[in-house]
$ cat structure09.pdb   # PDB, C-alpha atoms and all ligand atoms
ATOM      1  CA  MET A   1     -56.405   1.786  20.140
ATOM      2  CA  PHE A   2     -56.324   5.633  20.116
ATOM      3  CA  THR A   3     -58.195   6.885  23.199
ATOM      4  CA  PHE A   4     -58.921  10.474  24.175
ATOM      5  CA  GLU A   5     -59.575  10.742  27.962
ATOM      6  CA  THR A   6     -61.636  13.725  29.112
ATOM      7  CA  ASN A   7     -61.394  15.086  32.657
ATOM      8  CA  VAL A   8     -64.703  13.445  33.451
ATOM      9  CA  SER A   9     -63.194  10.070  32.582
ATOM     10  CA  LYS A  10     -65.366   9.556  29.537
ATOM     11  CA  SER A  11     -63.379   8.118  26.707
ATOM     12  CA  PHE A  12     -63.861   8.698  23.015
ATOM     13  CA  GLN A  13     -62.613   5.919  20.826
ATOM     14  CA  PHE A  14     -61.627   7.002  17.302
ATOM     15  CA  GLU A  15     -61.554   3.344  16.349
ATOM     16  CA  ASN A  16     -65.357   3.445  16.658
ATOM     17  CA  LEU A  17     -65.326   5.787  13.645
ATOM     18  CA  GLY A  18     -63.038   3.456  11.752
ATOM     19  CA  LEU A  19     -60.125   5.921  11.946
ATOM     20  CA  SER A  20     -56.598   4.781  12.733
ATOM     21  CA  VAL A  21     -54.013   7.068  14.371
ATOM     22  CA  GLY A  22     -52.249   7.306  10.986
ATOM     23  CA  LYS A  23     -55.411   8.451   9.184
ATOM     24  CA  ILE A  24     -56.161  11.051  11.869
ATOM     25  CA  CYS A  25     -52.621  12.467  11.553
ATOM     26  CA  VAL A  26     -52.937  12.697   7.751
ATOM     27  CA  ILE A  27     -56.351  14.457   8.010
ATOM     28  CA  MET A  28     -55.034  16.944  10.603
ATOM     29  CA  TYR A  29     -51.926  17.601   8.456
ATOM     30  CA  PHE A  30     -54.062  18.496   5.408
ATOM     31  CA  VAL A  31     -56.466  20.614   7.478
ATOM     32  CA  LEU A  32     -53.528  22.633   8.841
ATOM     33  CA  ILE A  33     -51.767  22.962   5.451
ATOM     34  CA  LYS A  34     -55.041  24.076   3.773
ATOM     35  CA  LYS A  35     -55.505  26.675   6.509
ATOM     36  CA  ASP A  36     -51.957  27.998   5.877
ATOM     37  CA  PHE A  37     -52.648  28.285   2.139
ATOM     38  CA  GLU A  38     -55.951  30.048   2.774
ATOM     39  CA  ILE A  39     -54.241  32.552   5.079
ATOM     40  CA  MET A  40     -51.484  33.159   2.474
ATOM     41  CA  GLU A  41     -53.957  33.551  -0.392
ATOM     42  CA  ASN A  42     -56.116  35.939   1.600
ATOM     43  CA  GLN A  43     -53.215  38.256   2.318
ATOM     44  CA  ALA A  44     -53.332  41.138  -0.140
ATOM     45  CA  VAL A  45     -49.953  42.256  -1.480
ATOM     46  CA  LEU A  46     -51.591  45.269  -3.095
ATOM     47  CA  LYS A  47     -54.607  47.356  -2.136
ATOM     48  CA  ALA A  48     -55.417  50.510  -4.078
ATOM     49  CA  GLN A  49     -58.489  52.632  -3.471
ATOM     50  CA  GLY A  50     -59.994  55.563  -5.317
ATOM     51  CA  ILE A  51     -56.979  56.132  -7.588
ATOM     52  CA  THR A  52     -57.283  59.176  -9.825
ATOM     53  CA  LYS A  53     -54.632  60.837 -11.980
ATOM     54  CA  THR A  54     -54.870  64.129 -13.778
ATOM     55  CA  TYR A  55     -51.972  65.375 -15.870
ATOM     56  CA  GLU A  56     -51.815  69.157 -15.755
ATOM     57  CA  GLY A  57     -50.429  70.616 -18.936
ATOM     58  CA  GLY A  58     -51.519  72.372 -22.105
ATOM     59  CA  THR A  59     -54.832  70.575 -21.840
ATOM     60  CA  SER A  60     -55.309  69.007 -18.415
ATOM     61  CA  ALA A  61     -56.664  65.478 -18.693
ATOM     62  CA  GLN A  62     -58.005  63.059 -16.109
ATOM     63  CA  VAL A  63     -56.444  59.753 -17.157
ATOM     64  CA  LEU A  64     -57.593  57.643 -14.183
ATOM     65  CA  LYS A  65     -61.050  58.246 -12.711
ATOM     66  CA  GLY A  66     -61.309  56.305  -9.462
ATOM     67  CA  ILE A  67     -59.772  52.834  -9.599
ATOM     68  CA  ASP A  68     -59.947  50.224  -6.831
ATOM     69  CA  ILE A  69     -57.740  47.132  -7.104
ATOM     70  CA  GLU A  70     -56.798  44.408  -4.663
ATOM     71  CA  VAL A  71     -54.266  41.702  -5.521
ATOM     72  CA  GLY A  72     -53.701  38.680  -3.300
ATOM     73  CA  ALA A  73     -50.334  37.063  -2.539
ATOM     74  CA  GLY A  74     -49.310  34.857  -5.443
ATOM     75  CA  GLU A  75     -52.015  36.137  -7.815
ATOM     76  CA  PHE A  76     -51.334  36.702 -11.514
ATOM     77  CA  VAL A  77     -53.327  39.663 -12.842
ATOM     78  CA  ALA A  78     -53.337  40.930 -16.428
ATOM     79  CA  ILE A  79     -54.287  44.553 -17.165
ATOM     80  CA  LEU A  80     -55.636  45.218 -20.644
ATOM     81  CA  GLY A  81     -56.924  48.294 -22.432
ATOM     82  CA  GLU A  82     -56.474  50.395 -25.539
ATOM     83  CA  SER A  83     -53.348  52.438 -26.162
ATOM     84  CA  GLY A  84     -53.570  55.638 -24.115
ATOM     85  CA  SER A  85     -56.174  54.221 -21.703
ATOM     86  CA  GLY A  86     -53.831  54.733 -18.730
ATOM     87  CA  LYS A  87     -52.365  51.255 -18.139
ATOM     88  CA  SER A  88     -48.755  52.395 -17.674
ATOM     89  CA  THR A  89     -49.893  55.357 -15.566
ATOM     90  CA  LEU A  90     -51.826  52.987 -13.293
ATOM     91  CA  LEU A  91     -48.923  50.514 -13.035
ATOM     92  CA  TYR A  92     -46.474  53.300 -12.067
ATOM     93  CA  ILE A  93     -48.857  54.475  -9.345
ATOM     94  CA  LEU A  94     -49.466  50.957  -7.989
ATOM     95  CA  ALA A  95     -45.704  50.343  -7.852
ATOM     96  CA  GLY A  96     -44.999  53.667  -6.119
ATOM     97  CA  ILE A  97     -42.998  55.070  -9.056
ATOM     98  CA  ASP A  98     -45.562  57.842  -9.586
ATOM     99  CA  THR A  99     -48.066  59.380  -7.173
ATOM    100  CA  PRO A 100     -51.830  59.515  -7.693
ATOM    101  CA  THR A 101     -53.723  62.818  -7.751
ATOM    102  CA  SER A 102     -55.978  61.213  -5.134
ATOM    103  CA  GLY A 103     -56.447  57.788  -3.603
ATOM    104  CA  THR A 104     -54.308  55.414  -1.554
ATOM    105  CA  VAL A 105     -51.990  52.513  -2.321
ATOM    106  CA  GLU A 106     -50.840  49.855   0.126
ATOM    107  CA  LEU A 107     -48.033  47.699  -1.273
ATOM    108  CA  ALA A 108     -46.492  44.693   0.524
ATOM    109  CA  GLY A 109     -48.102  45.924   3.738
ATOM    110  CA  LYS A 110     -46.756  49.483   3.439
ATOM    111  CA  CYS A 111     -48.911  52.565   2.871
ATOM    112  CA  LEU A 112     -47.132  54.433   0.056
ATOM    113  CA  ASP A 113     -48.574  57.790   1.149
ATOM    114  CA  SER A 114     -46.536  57.862   4.303
ATOM    115  CA  ILE A 115     -43.672  55.456   3.591
ATOM    116  CA  LYS A 116     -40.189  56.568   4.677
ATOM    117  CA  ASP A 117     -37.456  56.776   2.029
ATOM    118  CA  GLU A 118     -35.436  53.939   3.600
ATOM    119  CA  ASP A 119     -38.505  51.659   3.692
ATOM    120  CA  MET A 120     -39.217  52.439   0.034
ATOM    121  CA  ALA A 121     -35.585  51.629  -0.843
ATOM    122  CA  SER A 122     -35.813  48.327   1.039
ATOM    123  CA  LEU A 123     -39.136  47.500  -0.668
ATOM    124  CA  ARG A 124     -37.485  48.001  -4.063
ATOM    125  CA  ARG A 125     -34.388  45.995  -3.168
ATOM    126  CA  ARG A 126     -36.206  42.942  -1.795
ATOM    127  CA  GLU A 127     -39.953  42.838  -2.306
ATOM    128  CA  VAL A 128     -41.085  44.674  -5.413
ATOM    129  CA  ALA A 129     -39.636  44.665  -8.925
ATOM    130  CA  PHE A 130     -40.668  46.516 -12.065
ATOM    131  CA  VAL A 131     -40.137  45.630 -15.720
ATOM    132  CA  TYR A 132     -40.575  48.759 -17.839
ATOM    133  CA  GLN A 133     -42.354  49.004 -21.169
ATOM    134  CA  TYR A 134     -39.246  50.577 -22.656
ATOM    135  CA  ASP A 135     -35.770  49.443 -21.762
ATOM    136  CA  ASN A 136     -34.354  50.770 -18.541
ATOM    137  CA  LEU A 137     -30.970  49.070 -18.317
ATOM    138  CA  VAL A 138     -27.817  50.861 -17.180
ATOM    139  CA  PRO A 139     -26.023  51.441 -20.520
ATOM    140  CA  HIS A 140     -22.424  51.059 -19.330
ATOM    141  CA  LEU A 141     -23.032  47.800 -17.412
ATOM    142  CA  THR A 142     -23.060  44.334 -19.007
ATOM    143  CA  ALA A 143     -26.210  42.205 -18.961
ATOM    144  CA  TYR A 144     -24.880  40.195 -15.994
ATOM    145  CA  GLU A 145     -23.936  43.374 -14.101
ATOM    146  CA  ASN A 146     -27.372  44.879 -14.760
ATOM    147  CA  ILE A 147     -29.122  41.730 -13.506
ATOM    148  CA  THR A 148     -27.035  41.393 -10.353
ATOM    149  CA  LEU A 149     -26.831  45.088  -9.445
ATOM    150  CA  PRO A 150     -29.874  44.986  -7.094
ATOM    151  CA  LEU A 151     -28.401  41.938  -5.316
ATOM    152  CA  LEU A 152     -25.011  43.627  -4.826
ATOM    153  CA  LEU A 153     -26.757  46.800  -3.578
ATOM    154  CA  ASP A 154     -28.494  44.524  -1.066
ATOM    155  CA  LYS A 155     -25.028  43.289   0.060
ATOM    156  CA  LYS A 156     -25.585  39.738  -1.199
ATOM    157  CA  LYS A 157     -22.431  37.717  -1.977
ATOM    158  CA  GLU A 158     -21.865  36.652  -5.579
ATOM    159  CA  THR A 159     -21.058  33.078  -4.503
ATOM    160  CA  GLU A 160     -24.608  32.853  -3.072
ATOM    161  CA  PHE A 161     -26.421  33.839  -6.269
ATOM    162  CA  LYS A 162     -24.175  33.316  -9.322
ATOM    163  CA  GLU A 163     -25.295  29.771 -10.145
ATOM    164  CA  ARG A 164     -29.005  30.653  -9.749
ATOM    165  CA  ILE A 165     -28.707  33.747 -11.953
ATOM    166  CA  VAL A 166     -26.828  31.910 -14.718
ATOM    167  CA  ALA A 167     -29.491  29.146 -14.704
ATOM    168  CA  LEU A 168     -32.273  31.767 -14.863
ATOM    169  CA  CYS A 169     -30.567  33.518 -17.798
ATOM    170  CA  ASN A 170     -30.142  30.203 -19.613
ATOM    171  CA  ASP A 171     -33.882  29.595 -19.177
ATOM    172  CA  LEU A 172     -34.580  33.038 -20.627
ATOM    173  CA  GLY A 173     -32.268  32.337 -23.603
ATOM    174  CA  ILE A 174     -29.729  35.069 -22.748
ATOM    175  CA  GLY A 175     -27.066  32.850 -21.165
ATOM    176  CA  ASP A 176     -24.624  33.661 -23.969
ATOM    177  CA  ARG A 177     -25.226  37.428 -23.848
ATOM    178  CA  LEU A 178     -24.225  38.031 -20.239
ATOM    179  CA  ASN A 179     -20.993  39.891 -21.060
ATOM    180  CA  ASN A 180     -22.661  42.176 -23.605
ATOM    181  CA  LEU A 181     -23.595  45.806 -23.031
ATOM    182  CA  PRO A 182     -27.266  46.734 -23.693
ATOM    183  CA  SER A 183     -26.201  48.528 -26.896
ATOM    184  CA  GLU A 184     -24.782  45.202 -28.124
ATOM    185  CA  MET A 185     -28.099  43.356 -27.688
ATOM    186  CA  SER A 186     -31.390  43.285 -29.586
ATOM    187  CA  GLY A 187     -34.503  44.905 -28.091
ATOM    188  CA  GLY A 188     -35.914  41.480 -27.211
ATOM    189  CA  GLU A 189     -32.690  40.420 -25.483
ATOM    190  CA  GLN A 190     -32.651  43.651 -23.489
ATOM    191  CA  GLN A 191     -36.226  43.019 -22.427
ATOM    192  CA  ARG A 192     -35.300  39.528 -21.207
ATOM    193  CA  VAL A 193     -32.361  41.029 -19.266
ATOM    194  CA  ALA A 194     -34.852  43.396 -17.598
ATOM    195  CA  ILE A 195     -37.094  40.412 -16.736
ATOM    196  CA  ALA A 196     -34.102  38.489 -15.320
ATOM    197  CA  ARG A 197     -33.176  41.533 -13.213
ATOM    198  CA  ALA A 198     -36.707  41.611 -11.768
ATOM    199  CA  LEU A 199     -36.745  37.865 -11.046
ATOM    200  CA  ALA A 200     -33.211  37.930  -9.562
ATOM    201  CA  ILE A 201     -34.245  39.491  -6.255
ATOM    202  CA  GLU A 202     -37.004  36.865  -5.754
ATOM    203  CA  PRO A 203     -39.586  39.553  -4.919
ATOM    204  CA  LYS A 204     -43.139  39.217  -3.581
ATOM    205  CA  VAL A 205     -44.579  41.276  -6.436
ATOM    206  CA  ILE A 206     -43.439  42.022  -9.977
ATOM    207  CA  PHE A 207     -45.048  44.750 -12.071
ATOM    208  CA  LEU A 208     -44.544  44.199 -15.793
ATOM    209  CA  ASP A 209     -45.424  46.763 -18.437
ATOM    210  CA  GLU A 210     -45.789  44.869 -21.744
ATOM    211  CA  PRO A 211     -42.958  42.420 -20.967
ATOM    212  CA  THR A 212     -43.356  40.693 -24.315
ATOM    213  CA  GLY A 213     -43.943  43.841 -26.373
ATOM    214  CA  SER A 214     -40.687  43.588 -28.341
ATOM    215  CA  LEU A 215     -40.463  39.798 -28.591
ATOM    216  CA  ASP A 216     -41.466  37.594 -31.480
ATOM    217  CA  SER A 217     -44.387  35.272 -30.840
ATOM    218  CA  GLU A 218     -42.288  32.200 -29.954
ATOM    219  CA  ARG A 219     -39.998  34.144 -27.558
ATOM    220  CA  GLY A 220     -43.049  35.873 -26.109
ATOM    221  CA  ARG A 221     -44.660  32.520 -25.401
ATOM    222  CA  GLN A 222     -41.466  31.213 -23.758
ATOM    223  CA  VAL A 223     -41.245  34.282 -21.511
ATOM    224  CA  MET A 224     -44.901  33.845 -20.526
ATOM    225  CA  GLU A 225     -44.244  30.183 -19.634
ATOM    226  CA  ILE A 226     -41.312  31.234 -17.413
ATOM    227  CA  LEU A 227     -43.412  33.923 -15.709
ATOM    228  CA  LYS A 228     -46.265  31.488 -15.125
ATOM    229  CA  ASP A 229     -43.836  28.917 -13.724
ATOM    230  CA  ILE A 230     -42.316  31.448 -11.325
ATOM    231  CA  ASN A 231     -45.783  32.573 -10.269
ATOM    232  CA  GLU A 232     -46.895  29.006  -9.554
ATOM    233  CA  LYS A 233     -43.724  27.589  -8.013
ATOM    234  CA  HIS A 234     -42.599  30.584  -5.970
ATOM    235  CA  GLY A 235     -45.902  32.342  -5.322
ATOM    236  CA  VAL A 236     -44.655  35.666  -6.738
ATOM    237  CA  ALA A 237     -47.617  37.952  -7.503
ATOM    238  CA  LEU A 238     -47.502  39.265 -11.081
ATOM    239  CA  ILE A 239     -49.320  42.381 -12.241
ATOM    240  CA  MET A 240     -48.818  42.581 -15.977
ATOM    241  CA  VAL A 241     -49.974  45.069 -18.588
ATOM    242  CA  THR A 242     -50.337  43.472 -21.995
ATOM    243  CA  HIS A 243     -51.904  44.114 -25.378
ATOM    244  CA  SER A 244     -51.959  40.415 -26.125
ATOM    245  CA  PRO A 245     -55.211  38.574 -25.338
ATOM    246  CA  ALA A 246     -53.264  35.291 -25.690
ATOM    247  CA  HIS A 247     -50.735  36.340 -23.036
ATOM    248  CA  ALA A 248     -53.508  37.594 -20.756
ATOM    249  CA  GLU A 249     -54.785  34.002 -20.723
ATOM    250  CA  TYR A 250     -51.753  33.021 -18.607
ATOM    251  CA  ALA A 251     -53.100  35.220 -15.802
ATOM    252  CA  SER A 252     -55.648  34.062 -13.237
ATOM    253  CA  ARG A 253     -57.578  37.363 -13.495
ATOM    254  CA  LYS A 254     -58.036  40.047 -16.145
ATOM    255  CA  ILE A 255     -58.714  43.722 -15.528
ATOM    256  CA  ILE A 256     -59.771  45.928 -18.442
ATOM    257  CA  ILE A 257     -59.208  49.676 -18.271
ATOM    258  CA  GLU A 258     -61.570  51.791 -20.319
ATOM    259  CA  ASP A 259     -62.130  55.528 -20.124
ATOM    260  CA  GLY A 260     -60.048  55.781 -16.921
ATOM    261  CA  GLN A 261     -62.053  53.143 -15.072
ATOM    262  CA  ILE A 262     -62.179  49.382 -14.610
ATOM    263  CA  LYS A 263     -64.693  47.987 -17.069
TER     264      LYS A 263
HETATM  265  N1  LIG A 301     -46.358  62.802 -18.159
HETATM  266  C1  LIG A 301     -47.488  62.959 -18.859
HETATM  267  N2  LIG A 301     -48.006  64.174 -19.070
HETATM  268  C2  LIG A 301     -49.173  64.354 -19.736
HETATM  269  N3  LIG A 301     -49.907  63.335 -20.248
HETATM  270  C3  LIG A 301     -49.420  62.089 -20.066
HETATM  271  C4  LIG A 301     -48.192  61.838 -19.377
HETATM  272  N4  LIG A 301     -47.995  60.492 -19.352
HETATM  273  C5  LIG A 301     -49.031  59.951 -20.009
HETATM  274  N5  LIG A 301     -49.881  60.902 -20.435
HETATM  275  C6  LIG A 301     -51.152  60.678 -21.148
HETATM  276  O1  LIG A 301     -51.960  59.839 -20.352
HETATM  277  C7  LIG A 301     -52.658  58.905 -21.149
HETATM  278  C8  LIG A 301     -52.376  57.503 -20.665
HETATM  279  O2  LIG A 301     -51.017  57.188 -20.888
HETATM  280  P1  LIG A 301     -50.411  55.754 -20.567
HETATM  281  O3  LIG A 301     -48.975  55.801 -20.928
HETATM  282  O4  LIG A 301     -50.752  55.415 -19.165
HETATM  283  O5  LIG A 301     -51.253  54.849 -21.556
HETATM  284  P2  LIG A 301     -51.145  53.291 -21.871
HETATM  285  O6  LIG A 301     -52.491  52.718 -21.672
HETATM  286  O7  LIG A 301     -50.019  52.713 -21.117
HETATM  287  O8  LIG A 301     -50.825  53.312 -23.421
HETATM  288  P3  LIG A 301     -49.930  52.294 -24.308
HETATM  289  O9  LIG A 301     -50.745  51.049 -24.462
HETATM  290  O10 LIG A 301     -49.766  53.031 -25.607
HETATM  291  O11 LIG A 301     -48.638  52.060 -23.607
HETATM  292  C9  LIG A 301     -52.229  59.184 -22.591
HETATM  293  O12 LIG A 301     -53.198  59.964 -23.201
HETATM  294  C10 LIG A 301     -50.935  59.927 -22.453
HETATM  295  O13 LIG A 301     -50.729  60.804 -23.528
HETATM  296 MG    MG A 302     -48.141  51.919 -21.707
END

$ encode --input "structure09.pdb" --output "structure tokens"
Amino acid sequence: MFTFETNVSKSFQFENLGLSVGKICVIMYFVLIKKDFEIMENQAVLKAQGITKTYEGGTSAQVLKGIDIEVGAGEFVAILGESGSGKSTLLYILAGIDTPTSGTVELAGKCLDSIKDEDMASLRRREVAFVYQYDNLVPHLTAYENITLPLLLDKKKETEFKERIVALCNDLGIGDRLNNLPSEMSGGEQQRVAIARALAIEPKVIFLDEPTGSLDSERGRQVMEILKDINEKHGVALIMVTHSPAHAEYASRKIIIEDGQIK
């Protein structure tokens, strides 16, 4: 019998409700786990408010006209829009690579307006990764060296990560290209090296600008499956620009940019 004695000596017998000690423990376990998940899901990894961007030049143009976005931990968000609508511009600003003309961005709990250089460097080494629309690999380093560079800069030992990185590259279909320089790989292979480099640091957030843009449809689908798997298993938030409605379907939320605003 499971009895709960109060200080006024009244006793409450759970057996009266038909609950055994075992059942009560299981219920409490699930209540606590659910609470933990709710807290994790509610934590925003990205909050952007009132983002505008005007490029001053020959003809000054306001590309972004007041964008608010919030992304929760572990969310997978797809950003769509026509060519020239400002998707890459927005992604650069959200990731802290470019600055907005006005508005604020809070990324992984840090306000990018006032972030110190060393905090920004640490954010990039451990918490936030970016896969560029066009290749951004170091030309004189091999694929393996490109992928592991952020880990070595973060003073990680190769014995701790080598096996994991090789397995990841095998999954991405570039396991046999690891000793090649970028110039010795196809565009699609280079793009998968860039994706492996982003995944290697096991970040909280990955920004991806058309990660499947130079892949054929079968490779593109495989990369999307890997991204989805990493999002679901490891809770990495993904913020991905894509032109492909089919690839946007892998995301849990879609945002469409039109005329500098969210549609
Ligand atoms: N550095 C810059 N200076 C001036 N204008 C720029 C600059 N970068 C981008 N633009 C302009 O801003 C607009 C949005 O560009 P952006 O690259 O964000 O578009 P996009 O939606 O990513 O397009 P795409 O789908 O073709 O990649 C375009 O009209 C572009 O010409
Ligand atoms: Mg773009």

$ residues_around --input "structure09.pdb" --residues "Leu152 of chain A" --least-positions-apart "5" --cutoff "12 Å" --atoms "only C-alpha atoms" --output "PyMOL selection string"
chain A and resi 125-126+144-147+157-162+197+200-201

$ residues_around --input "structure09.pdb" --residues "segment 229-242 of chain A" --least-positions-apart "6" --cutoff "7 Å" --atoms "all atoms listed in the file" --output "ChimeraX atom specification"
/A:73-80,87,203-210,248

$ closest_atom_pairs --input "structure09.pdb" --of "chain A" --to "ligand MG 302 (chain A)" --cutoff "10 Å" --atoms "all atoms listed in the file" --output "JSON lines"
{"residue": "A:Gly81", "atom": "CA", "partner": "A:MG302", "partner_atom": "MG", "distance": 9.5}
{"residue": "A:Glu82", "atom": "CA", "partner": "A:MG302", "partner_atom": "MG", "distance": 9.3}
{"residue": "A:Ser83", "atom": "CA", "partner": "A:MG302", "partner_atom": "MG", "distance": 6.9}
{"residue": "A:Gly84", "atom": "CA", "partner": "A:MG302", "partner_atom": "MG", "distance": 7.0}
{"residue": "A:Ser85", "atom": "CA", "partner": "A:MG302", "partner_atom": "MG", "distance": 8.4}
{"residue": "A:Gly86", "atom": "CA", "partner": "A:MG302", "partner_atom": "MG", "distance": 7.0}
{"residue": "A:Lys87", "atom": "CA", "partner": "A:MG302", "partner_atom": "MG", "distance": 5.6}
{"residue": "A:Ser88", "atom": "CA", "partner": "A:MG302", "partner_atom": "MG", "distance": 4.1}
{"residue": "A:Thr89", "atom": "CA", "partner": "A:MG302", "partner_atom": "MG", "distance": 7.3}
{"residue": "A:Leu90", "atom": "CA", "partner": "A:MG302", "partner_atom": "MG", "distance": 9.2}
{"residue": "A:Leu91", "atom": "CA", "partner": "A:MG302", "partner_atom": "MG", "distance": 8.8}
{"residue": "A:Tyr92", "atom": "CA", "partner": "A:MG302", "partner_atom": "MG", "distance": 9.9}
{"residue": "A:Tyr132", "atom": "CA", "partner": "A:MG302", "partner_atom": "MG", "distance": 9.1}
{"residue": "A:Gln133", "atom": "CA", "partner": "A:MG302", "partner_atom": "MG", "distance": 6.5}
{"residue": "A:Tyr134", "atom": "CA", "partner": "A:MG302", "partner_atom": "MG", "distance": 9.0}
{"residue": "A:Asp209", "atom": "CA", "partner": "A:MG302", "partner_atom": "MG", "distance": 6.7}
{"residue": "A:Glu210", "atom": "CA", "partner": "A:MG302", "partner_atom": "MG", "distance": 7.4}
{"residue": "A:Val241", "atom": "CA", "partner": "A:MG302", "partner_atom": "MG", "distance": 7.7}
{"residue": "A:Thr242", "atom": "CA", "partner": "A:MG302", "partner_atom": "MG", "distance": 8.7}
{"residue": "A:His243", "atom": "CA", "partner": "A:MG302", "partner_atom": "MG", "distance": 9.4}

$ atom_distance --input "structure09.pdb" --atom1 "atom CA of Gly260 of chain A" --atom2 "atom CA of Ser114 of chain A"
25.2 Å

$ closest_residue --input "structure09.pdb" --among "A:Gly72, A:Lys263, A:Ile257, A:Gly96" --to "ligand LIG 301 (chain A)" --atoms "all atoms listed in the file"
A:Ile257

$ closest_residue --input "structure09.pdb" --among "A:Asn136, A:Gln191, A:Ser244, A:Thr148" --to "ligand LIG 301 (chain A)" --atoms "all atoms listed in the file"
A:Ser244

$ closest_residue --input "structure09.pdb" --among "A:Ala246, A:Ile51, A:Val63, A:Ala108" --to "ligand LIG 301 (chain A)" --atoms "only C-alpha atoms and all ligand atoms"
A:Val63

$ residues_around --input "structure09.pdb" --residues "Met120 of chain A" --least-positions-apart "5" --cutoff "12 Å" --atoms "only C-alpha atoms" --output "PyMOL selection string"
chain A and resi 95-97+106-115+125-129

$ closest_residue --input "structure09.pdb" --among "A:Gly103, A:Gly66, A:Gly57, A:Pro245" --to "ligand LIG 301 (chain A)" --atoms "only C-alpha atoms and all ligand atoms"
A:Gly57

$ closest_residue --input "structure09.pdb" --among "A:Asp259, A:Arg164, A:Val131, A:Lys156" --to "Thr212 of chain A" --atoms "only C-alpha atoms"
A:Val131
